[in-house]
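Visitor: My structure is in input-v8.cif, and what it holds is mmCIF, C-alpha atoms and all ligand atoms:
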data_structure
loop_
_atom_site.label_atom_id
_atom_site.label_comp_id
_atom_site.auth_asym_id
_atom_site.auth_seq_id
_atom_site.Cartn_x
_atom_site.Cartn_y
_atom_site.Cartn_z
CA MET N 1 141.74 171.75 191.14
CA ALA N 2 138.89 171.44 188.65
CA PRO N 3 135.39 171.84 190.04
CA PRO N 4 134.11 168.33 190.69
CA SER N 5 130.75 168.72 189.00
CA VAL N 6 131.68 165.81 186.70
CA LEU N 7 133.45 162.97 188.46
CA SER N 8 135.82 160.72 186.58
CA ALA N 9 134.69 157.26 185.50
CA SER N 10 137.05 155.63 188.00
CA GLN N 11 135.37 157.55 190.82
CA SER N 12 131.99 156.24 189.79
CA THR N 13 132.47 152.50 189.89
CA GLY N 14 129.40 150.36 189.48
CA ASN N 15 127.96 148.34 192.33
CA SER N 16 124.71 146.68 193.19
CA ALA N 17 123.09 150.07 193.68
CA GLY N 18 123.96 151.21 190.15
CA GLU N 19 126.45 153.30 188.21
CA ASN N 20 125.82 156.57 190.01
CA TYR N 21 126.83 155.34 193.40
CA ALA N 22 130.15 154.94 195.17
CA ASP N 23 131.45 151.41 195.35
CA PHE N 24 130.21 150.67 198.84
CA ASN N 25 128.10 148.00 200.48
CA TRP N 26 125.18 150.16 201.61
CA ASP N 27 123.72 147.30 203.65
CA GLU N 28 126.69 147.65 206.02
CA LEU N 29 126.31 151.37 206.60
CA GLY N 30 126.50 152.34 210.27
CA TYR N 31 127.23 155.65 211.98
CA GLY N 32 130.93 156.33 211.57
CA ILE N 33 133.07 158.45 209.32
CA ILE N 34 133.35 157.22 205.75
CA PRO N 35 135.50 159.68 203.85
CA THR N 36 133.81 161.03 200.73
CA ASP N 37 135.39 162.72 197.72
CA PHE N 38 135.40 166.46 198.40
CA MET N 39 135.31 169.02 201.16
CA TYR N 40 134.57 172.73 200.98
CA THR N 41 136.70 175.44 202.59
CA MET N 42 136.28 179.20 202.98
CA LYS N 43 138.50 181.51 205.02
CA CYS N 44 138.14 184.98 206.46
CA LEU N 45 140.13 187.36 208.64
CA LYS N 46 138.74 188.77 211.90
CA GLY N 47 136.73 191.92 211.14
CA GLU N 48 136.26 190.94 207.49
CA LYS N 49 133.60 188.97 205.61
CA PHE N 50 133.72 185.47 204.17
CA SER N 51 133.83 185.71 200.37
CA GLU N 52 135.23 182.91 198.17
CA GLY N 53 135.23 179.23 199.02
CA ASN N 54 136.40 176.19 197.10
CA LEU N 55 136.11 172.42 196.86
CA THR N 56 139.19 170.26 197.32
CA PRO N 57 139.64 166.51 197.73
CA TYR N 58 138.71 165.39 201.24
CA GLY N 59 141.81 165.12 203.39
CA ASN N 60 143.74 166.40 206.38
CA ILE N 61 144.02 170.14 206.91
CA GLU N 62 147.04 172.04 208.16
CA ILE N 63 146.39 174.02 211.31
CA SER N 64 148.62 176.12 213.55
CA PRO N 65 149.36 174.61 216.99
CA SER N 66 148.38 177.97 218.46
CA SER N 67 145.03 178.25 216.64
CA GLY N 68 142.02 179.46 218.62
CA VAL N 69 140.08 176.27 218.00
CA LEU N 70 142.82 173.90 219.21
CA ASN N 71 143.71 175.92 222.30
CA TYR N 72 140.48 177.47 223.46
CA GLY N 73 137.76 175.61 221.54
CA GLN N 74 136.65 178.61 219.53
CA GLY N 75 134.32 176.90 217.09
CA VAL N 76 130.78 175.89 216.26
CA PHE N 77 129.42 173.18 214.00
CA GLU N 78 126.23 172.14 212.27
CA GLY N 79 124.68 168.89 211.14
CA LEU N 80 122.25 168.35 208.30
CA LYS N 81 121.56 165.63 205.77
CA ALA N 82 121.03 165.02 202.07
CA TYR N 83 118.30 162.53 201.17
CA ARG N 84 117.91 160.40 198.05
CA THR N 85 114.36 160.37 196.64
CA GLU N 86 112.58 157.55 194.82
CA ASN N 87 113.27 159.15 191.45
CA ASP N 88 116.94 159.69 192.26
CA HIS N 89 116.86 163.37 193.15
CA VAL N 90 118.83 164.62 196.14
CA LEU N 91 117.09 166.87 198.68
CA LEU N 92 118.33 168.99 201.56
CA PHE N 93 116.07 169.67 204.53
CA ARG N 94 115.78 173.26 205.80
CA PRO N 95 119.47 174.15 205.27
CA GLU N 96 118.75 177.83 205.88
CA GLU N 97 117.77 176.93 209.45
CA ASN N 98 121.26 175.48 209.99
CA ALA N 99 122.76 178.64 208.51
CA GLN N 100 120.81 180.76 210.98
CA ARG N 101 121.66 178.56 213.93
CA MET N 102 125.33 178.68 212.99
CA LYS N 103 125.07 182.48 212.95
CA MET N 104 123.66 182.45 216.50
CA GLY N 105 126.47 180.17 217.65
CA ALA N 106 129.09 182.26 215.87
CA GLU N 107 127.84 185.36 217.67
CA ARG N 108 128.11 183.56 221.04
CA MET N 109 131.63 182.31 220.25
CA CYS N 110 132.85 185.68 218.83
CA THR N 111 133.32 184.20 215.39
CA PRO N 112 132.49 185.89 212.09
CA CYS N 113 129.92 183.95 210.06
CA LEU N 114 128.99 183.62 206.43
CA SER N 115 125.57 184.66 205.12
CA THR N 116 122.66 182.23 204.86
CA GLU N 117 122.99 182.35 201.08
CA GLN N 118 126.71 181.54 201.22
CA PHE N 119 126.07 178.71 203.69
CA VAL N 120 123.30 177.09 201.62
CA ASN N 121 125.30 177.49 198.42
CA ALA N 122 128.37 175.89 200.00
CA VAL N 123 126.27 172.96 201.28
CA LYS N 124 124.74 172.45 197.82
CA GLN N 125 128.14 172.48 196.13
CA THR N 126 129.57 170.01 198.64
CA VAL N 127 126.64 167.61 198.27
CA LEU N 128 126.74 167.81 194.49
CA ALA N 129 130.45 167.01 194.53
CA ASN N 130 129.80 163.99 196.77
CA LYS N 131 126.51 162.94 195.21
CA ARG N 132 127.58 159.34 194.59
CA TRP N 133 127.88 159.02 198.40
CA VAL N 134 124.21 159.86 199.04
CA PRO N 135 122.97 156.35 199.91
CA PRO N 136 120.12 154.73 197.98
CA LEU N 137 116.66 155.48 199.40
CA GLY N 138 116.06 153.39 202.50
CA LYS N 139 119.75 152.63 203.09
CA GLY N 140 120.79 155.84 204.85
CA THR N 141 121.53 159.49 204.20
CA LEU N 142 124.53 161.72 203.55
CA TYR N 143 125.41 163.52 206.79
CA ILE N 144 126.79 167.01 206.18
CA ARG N 145 129.05 168.57 208.79
CA PRO N 146 129.77 172.31 208.48
CA LEU N 147 132.44 173.58 210.89
CA LEU N 148 133.31 177.17 211.69
CA MET N 149 136.50 177.64 213.66
CA GLY N 150 139.14 180.09 214.77
CA THR N 151 142.22 178.91 212.87
CA GLY N 152 144.39 182.00 213.43
CA ASP N 153 147.15 182.02 216.10
CA VAL N 154 146.25 183.19 219.56
CA LEU N 155 147.91 182.75 222.94
CA GLY N 156 146.21 185.34 225.12
CA LEU N 157 142.50 184.78 225.71
CA ALA N 158 140.98 186.52 222.70
CA PRO N 159 139.17 185.75 219.45
CA ALA N 160 141.50 184.33 216.79
CA PRO N 161 142.67 186.63 213.96
CA GLU N 162 141.59 184.18 211.19
CA TYR N 163 138.61 181.81 210.65
CA THR N 164 137.92 178.76 208.53
CA PHE N 165 134.53 177.48 207.43
CA LEU N 166 134.72 173.87 206.29
CA ILE N 167 132.18 171.27 205.18
CA TYR N 168 132.74 167.55 204.92
CA THR N 169 130.26 164.72 204.47
CA SER N 170 129.83 161.07 205.36
CA PRO N 171 127.09 158.58 204.52
CA VAL N 172 125.34 157.38 207.68
CA ASN N 173 122.59 155.09 208.86
CA SER N 174 120.97 154.85 212.32
CA PHE N 175 122.69 156.70 215.16
CA HIS N 176 121.61 154.46 218.04
CA LYS N 177 122.53 150.86 217.34
CA GLY N 178 119.80 149.24 219.40
CA PRO N 179 116.87 150.11 221.66
CA VAL N 180 117.17 153.54 223.25
CA ASN N 181 117.38 152.90 226.99
CA LEU N 182 118.25 156.18 228.67
CA VAL N 183 119.75 156.78 232.09
CA ILE N 184 119.73 159.94 234.21
CA LYS N 185 122.86 160.59 236.19
CA ASP N 186 122.74 163.05 239.04
CA LYS N 187 125.26 165.88 239.10
CA ILE N 188 126.31 165.56 235.47
CA HIS N 189 125.10 168.25 233.14
CA ARG N 190 125.29 168.52 229.41
CA ALA N 191 126.58 172.01 228.70
CA LEU N 192 128.37 172.11 232.02
CA PHE N 193 127.81 175.78 232.77
CA GLY N 194 124.00 175.90 233.03
CA ASN N 195 122.29 179.23 232.41
CA GLY N 196 124.49 181.68 230.54
CA GLY N 197 126.56 178.80 229.17
CA THR N 198 126.69 177.46 225.64
CA GLY N 199 123.97 174.79 225.81
CA GLY N 200 121.75 176.74 223.42
CA VAL N 201 124.34 176.88 220.63
CA LYS N 202 126.18 174.16 218.75
CA SER N 203 129.56 174.94 220.21
CA ILE N 204 132.23 172.28 219.70
CA THR N 205 132.93 172.54 223.43
CA ASN N 206 129.53 171.10 224.41
CA TYR N 207 130.16 167.51 223.47
CA ALA N 208 133.45 166.04 224.71
CA PRO N 209 132.52 166.83 228.35
CA THR N 210 129.70 164.28 227.98
CA TYR N 211 132.02 161.40 226.98
CA LYS N 212 133.05 160.28 230.46
CA ALA N 213 129.49 159.79 231.66
CA LEU N 214 128.43 158.39 228.28
CA ILE N 215 131.11 155.69 228.32
CA GLU N 216 130.10 154.79 231.86
CA ALA N 217 126.42 154.64 230.85
CA LYS N 218 127.21 152.40 227.86
CA GLU N 219 129.21 150.07 230.10
CA GLU N 220 126.10 149.82 232.27
CA GLY N 221 124.04 148.83 229.21
CA PHE N 222 122.36 152.16 228.43
CA ALA N 223 122.26 153.76 224.99
CA ASN N 224 122.54 157.35 226.11
CA ILE N 225 122.12 159.85 228.95
CA LEU N 226 119.18 162.13 229.61
CA TYR N 227 120.32 165.30 231.36
CA LEU N 228 118.50 167.27 234.02
CA ASP N 229 118.79 171.05 234.30
CA ALA N 230 121.94 172.19 236.05
CA ALA N 231 120.20 174.84 238.17
CA THR N 232 117.72 172.66 240.08
CA GLY N 233 118.22 169.07 238.89
CA LYS N 234 114.41 168.75 238.71
CA TYR N 235 113.57 169.21 235.03
CA ILE N 236 114.58 167.25 231.96
CA GLU N 237 116.76 169.01 229.40
CA GLU N 238 118.08 166.90 226.54
CA VAL N 239 120.07 163.81 225.61
CA SER N 240 123.80 164.11 224.71
CA ALA N 241 123.11 164.57 221.02
CA CYS N 242 119.37 165.17 220.66
CA ASN N 243 116.25 166.86 222.01
CA VAL N 244 113.62 164.98 223.96
CA PHE N 245 109.79 164.85 223.86
CA MET N 246 107.15 163.12 226.00
CA VAL N 247 103.63 162.00 225.07
CA LYS N 248 100.70 161.64 227.47
CA GLY N 249 97.35 160.95 225.78
CA ASN N 250 97.00 163.44 222.93
CA ALA N 251 99.45 165.89 224.50
CA ILE N 252 103.06 166.17 223.42
CA SER N 253 105.52 168.21 225.49
CA THR N 254 109.15 169.16 225.09
CA PRO N 255 111.44 171.43 227.14
CA ARG N 256 111.60 175.01 225.88
CA ALA N 257 114.68 175.52 223.72
CA GLU N 258 115.97 178.40 225.76
CA GLY N 259 119.48 179.05 226.98
CA THR N 260 120.69 175.62 227.99
CA ILE N 261 118.86 173.56 225.34
CA LEU N 262 119.81 173.33 221.69
CA PRO N 263 117.10 174.65 219.33
CA GLY N 264 116.99 171.53 217.14
CA ILE N 265 115.74 171.85 213.58
CA THR N 266 114.21 168.37 213.74
CA ARG N 267 112.65 169.43 217.05
CA LYS N 268 111.10 172.51 215.46
CA SER N 269 109.85 170.49 212.46
CA ILE N 270 108.35 167.78 214.66
CA ILE N 271 106.44 170.37 216.68
CA GLU N 272 104.91 171.68 213.45
CA ILE N 273 104.16 168.18 212.10
CA ALA N 274 102.58 167.13 215.41
CA LEU N 275 100.31 170.19 215.37
CA ASP N 276 99.34 169.39 211.76
CA LEU N 277 98.46 165.84 212.83
CA GLY N 278 96.14 167.19 215.52
CA TYR N 279 98.22 166.72 218.66
CA GLU N 280 98.39 169.33 221.37
CA VAL N 281 102.00 170.48 221.66
CA THR N 282 103.49 172.44 224.56
CA GLU N 283 107.01 173.71 225.14
CA ARG N 284 107.48 173.88 228.88
CA ALA N 285 109.55 172.83 231.87
CA ILE N 286 108.98 169.07 232.33
CA PRO N 287 109.58 167.70 235.84
CA LEU N 288 111.38 164.36 235.89
CA GLU N 289 108.48 162.74 237.82
CA GLU N 290 106.14 163.58 234.95
CA LEU N 291 108.46 162.06 232.37
CA LEU N 292 108.54 158.84 234.36
CA GLU N 293 104.71 158.70 234.05
CA ALA N 294 104.56 159.38 230.28
CA ASP N 295 103.03 157.03 227.68
CA GLU N 296 105.91 157.65 225.29
CA VAL N 297 109.24 159.40 225.19
CA PHE N 298 111.20 160.04 222.02
CA CYS N 299 114.32 161.87 220.89
CA THR N 300 114.72 164.11 217.87
CA GLY N 301 117.78 165.36 216.04
CA THR N 302 119.46 165.33 212.65
CA ALA N 303 121.50 162.28 213.58
CA VAL N 304 118.79 160.37 215.49
CA VAL N 305 115.82 161.57 213.34
CA VAL N 306 112.85 160.57 215.59
CA ASP N 307 113.96 157.77 217.85
CA PRO N 308 111.56 156.11 220.32
CA VAL N 309 112.86 155.74 223.87
CA VAL N 310 112.23 152.32 225.35
CA SER N 311 113.02 153.20 228.96
CA VAL N 312 114.36 155.86 231.31
CA THR N 313 116.23 154.80 234.45
CA TYR N 314 116.74 157.14 237.38
CA LYS N 315 118.34 155.70 240.51
CA ASP N 316 116.22 152.63 241.35
CA LYS N 317 113.27 153.61 239.10
CA ARG N 318 112.86 152.40 235.54
CA ALA N 319 109.99 153.71 233.40
CA GLU N 320 109.09 151.86 230.22
CA TYR N 321 107.32 153.43 227.27
CA ARG N 322 105.17 152.51 224.30
CA THR N 323 107.07 152.09 221.02
CA GLY N 324 106.26 150.42 217.69
CA SER N 325 103.69 150.77 214.95
CA ASN N 326 100.91 152.32 217.04
CA SER N 327 103.12 154.89 218.67
CA VAL N 328 102.93 158.64 218.17
CA SER N 329 106.67 158.78 217.50
CA GLN N 330 106.29 156.34 214.61
CA LYS N 331 103.61 158.53 213.01
CA LEU N 332 105.78 161.62 213.39
CA HIS N 333 108.83 159.76 212.06
CA GLU N 334 106.94 158.58 209.00
CA ARG N 335 105.65 162.04 208.16
CA LEU N 336 109.04 163.71 208.67
CA VAL N 337 111.05 161.17 206.64
CA GLY N 338 108.31 161.16 203.98
CA ILE N 339 108.79 164.89 203.48
CA GLN N 340 112.59 164.66 203.66
CA THR N 341 112.72 161.96 200.97
CA GLY N 342 110.07 163.50 198.71
CA ARG N 343 107.52 160.71 199.28
CA ILE N 344 105.11 163.11 200.98
CA GLU N 345 104.45 166.41 199.25
CA ASP N 346 106.37 169.24 200.88
CA THR N 347 103.76 171.95 201.32
CA LYS N 348 105.99 173.94 203.67
CA GLY N 349 108.96 174.71 201.44
CA TRP N 350 111.26 172.70 203.73
CA THR N 351 113.13 170.74 201.09
CA LEU N 352 115.66 172.05 198.60
CA LYS N 353 116.68 170.10 195.51
CA VAL N 354 120.44 169.93 194.99
C1 LIG W 401 123.29 166.10 214.86
O1 LIG W 401 122.24 165.51 215.13
O2 LIG W 401 123.46 166.64 213.75
C2 LIG W 401 124.37 166.19 215.79
O3 LIG W 401 125.08 167.15 215.75
C3 LIG W 401 124.59 165.08 216.70
C4 LIG W 401 126.03 164.79 216.88
C5 LIG W 401 126.53 165.52 218.08
C6 LIG W 401 126.25 163.32 216.98
#
Now that the file is in, can you turn its structure into structure tokens?
Ligand code: COI
Guide:
Amino acid sequence: MAPPSVLSASQSTGNSAGENYADFNWDELGYGIIPTDFMYTMKCLKGEKFSEGNLTPYGNIEISPSSGVLNYGQGVFEGLKAYRTENDHVLLFRPEENAQRMKMGAERMCTPCLSTEQFVNAVKQTVLANKRWVPPLGKGTLYIRPLLMGTGDVLGLAPAPEYTFLIYTSPVNSFHKGPVNLVIKDKIHRALFGNGGTGGVKSITNYAPTYKALIEAKEEGFANILYLDAATGKYIEEVSACNVFMVKGNAISTPRAEGTILPGITRKSIIEIALDLGYEVTERAIPLEELLEADEVFCTGTAVVVDPVVSVTYKDKRAEYRTGSNSVSQKLHERLVGIQTGRIEDTKGWTLKV
């Protein structure tokens, strides 16, 4: 298949957003999968190195019923985004950080991994091939999902003999549909195994175990669940799909990203931005009681960006927090998105033009 650097005229139908965009009503963009044009695949055998990858039209993949990923969940994933700028450039945000985090996860899941250079190059190629799906500025972003999985056959408990790295994309808008009201549920933990588990890596096995409690929480009217640490049940950890911060006065705190907590790239960037803006930032164990007394609570993540939390409910207690234009989270959000979309000068070398 020809490299998709030039898309055919029929693929680039005009719409209200202009000739260079997919024919899609960007005002209706939510957070679900919208298939784009191309995906990227690269394979490698156990004990060897990833070398050549290629772009193919987005579609189903063939996978052995006895593959490591289907049977034993041997896989990790990443999430990053491509942003449209005012002058129609497309930027990536810290993709090398995703490459490094995938490497950490791959190590934990006994999976070979590609180099940072290969990862970033593959992301760039995939975004370029799907450029017409990067939403207009202000209407959303192109979510990029790299997957690394054991696709070779395995029946005994052992690493698979073959691996596939795959990237697909989907345009997305806001992750949470309404106000972020969180609930804490006793005895349910995010990465189920606590210390020594996989909470600190983006293993595919970390997420489905949260569904049962999440569905229940949504039925009760909450947007998401805030998890406490599995060891003591006293300290806050993270939300199903994002990190969490609290603000009290000029002080911002977030749980240390160690072991059970995912080292979020948005989290890391927000810490740096907050320090630049003059806030005091501490990474530490945060007791639940302290969170309930905070001025503000907010979540960070690639999907959620910086999302203010309206309330946290624990048993019969409900704490409500400041949100809106005077909030710290709004200032952090504005600075982060400004850098990501090229509106604020990137003095940190965080953005990469595709
Ligand atoms: C991301 O923020 O990129 C994520 O991976 C969240 C996803 C689990 C919904």
Visitor: Tell me, counting only C-alpha atoms and all ligand atoms, for each residue of chain N within 7 Å of ligand LIG 401 (chain W), which pair of atoms is nearest and how far apart they are in Å to one decimal, in rows ordered by chain and increasing number, as JSON lines.
Guide:
{"residue": "N:Glu78", "atom": "CA", "partner": "W:LIG401", "partner_atom": "O3", "distance": 6.2}
{"residue": "N:Gly79", "atom": "CA", "partner": "W:LIG401", "partner_atom": "O2", "distance": 3.7}
{"residue": "N:Leu80", "atom": "CA", "partner": "W:LIG401", "partner_atom": "O2", "distance": 5.8}
{"residue": "N:Tyr207", "atom": "CA", "partner": "W:LIG401", "partner_atom": "C5", "distance": 6.8}
{"residue": "N:Ala241", "atom": "CA", "partner": "W:LIG401", "partner_atom": "C3", "distance": 4.6}
{"residue": "N:Cys242", "atom": "CA", "partner": "W:LIG401", "partner_atom": "O1", "distance": 6.2}
{"residue": "N:Gly301", "atom": "CA", "partner": "W:LIG401", "partner_atom": "O1", "distance": 4.6}
{"residue": "N:Thr302", "atom": "CA", "partner": "W:LIG401", "partner_atom": "O1", "distance": 3.7}
{"residue": "N:Ala303", "atom": "CA", "partner": "W:LIG401", "partner_atom": "O1", "distance": 3.7}
{"residue": "N:Val304", "atom": "CA", "partner": "W:LIG401", "partner_atom": "O1", "distance": 6.2}
Visitor: As JSON, what would the box around segment 43-60 of chain N look like: edges along x, y and z, 4 Å added on every side, centre and edge lengths in Å to one decimal?
Guide:
{"center_x": 138.7, "center_y": 178.5, "center_z": 204.4, "size_x": 18.1, "size_y": 34.8, "size_z": 23.0}
Visitor: In Å, rounded to a single decimal, give me how far atom CA of Ala223 of chain N is from atom CA of Pro209 of chain N.
Guide: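 Separating atom CA of Pro209 of chain N from atom CA of Ala223 of chain N is a distance of 17.0 Å.
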Visitor: My list of candidates is N:Thr116, N:Gly196, N:Ile252, N:Ile286. Which is closest to Arg94 of chain N when distances are computed with all atoms listed in the file?
Guide: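 Using all atoms listed in the file, Arg94 of chain N sits closest to N:Thr116.
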Visitor: Which distance in Å separates atom CA of Asn87 of chain N and atom CA of Ile271 of chain N, to one decimal?
Guide: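 Computing the Euclidean distance for atom CA of Asn87 of chain N and atom CA of Ile271 of chain N yields 28.4 Å.
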Visitor: Check the smallest atom-to-atom distance from each of N:Phe93, N:Asn250, N:Ile261, N:Phe245 to Glu290 of chain N using all atoms listed in the file, then report the winner.
Guide: N:Phe245
Visitor: If you measure from atom CA of Met42 of chain N to atom CA of Pro146 of chain N, what distance in Å do you get, rounded to one decimal?
Guide: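 It comes out at 11.0 Å.
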Visitor: Quick one: of N:Met39, N:Met246, N:Val328, N:Val306, who's nearest to Ile265 of chain N, counting all atoms listed in the file?
Guide: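 Counting all atoms listed in the file, the residue closest to Ile265 of chain N is N:Val306.
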Visitor: Between N:Val76, N:Trp26, N:Leu157, N:Ile184, which has the minimum distance to Asp316 of chain N (counting all atoms listed in the file)?
Guide: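 With all atoms listed in the file as the atom set, the closest residue is N:Ile184.
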Visitor: For Tyr143 of chain N, please output as a count of residues only all residues within 12 Å (counting all atoms listed in the file; exclusion window: fewer than 4 positions along the same chain).
Guide: 37
Visitor: Extract, using all atoms listed in the file, all DNA, RNA and protein residues at most 8 Å from Gly152 of chain N, discarding same-chain residues fewer than 6 positions from it, and format them as a ChimeraX atom specification.
Guide: /N:64,66-68,160-163
Visitor: Leaving out Thr164 of chain N and any residue of its chain fewer than 4 positions from it, which residues lie within 9 Å of it when counting all atoms listed in the file, given as a PyMOL selection string?
Guide: chain N and resi 41-45+147-152
Visitor: N:Glu258, N:Tyr279, N:Leu182, N:Val239: which is nearest Leu292 of chain N, counting only C-alpha atoms?
Guide: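 For Leu292 of chain N, the nearest of the candidates is N:Leu182.
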Visitor: Please determine, counting all atoms listed in the file, which residue among N:Val244, N:Ile339, N:Val201, N:Leu166 has the shortest atom-to-atom distance to Glu283 of chain N.
Guide: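 When distances to Glu283 of chain N are compared using all atoms listed in the file, the smallest one comes from N:Val244.
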Visitor: What residues have an atom no more than 7 Å from (107.5, 163.0, 212.5) in the file's own frame, counting all atoms listed in the file, and can you write them as a list in words?
Guide: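 Output of the proximity query reads Ile270, Ile273, Val306, Ser329, Lys331, Leu332, His333, Glu334, Arg335 and Leu336 of chain N.
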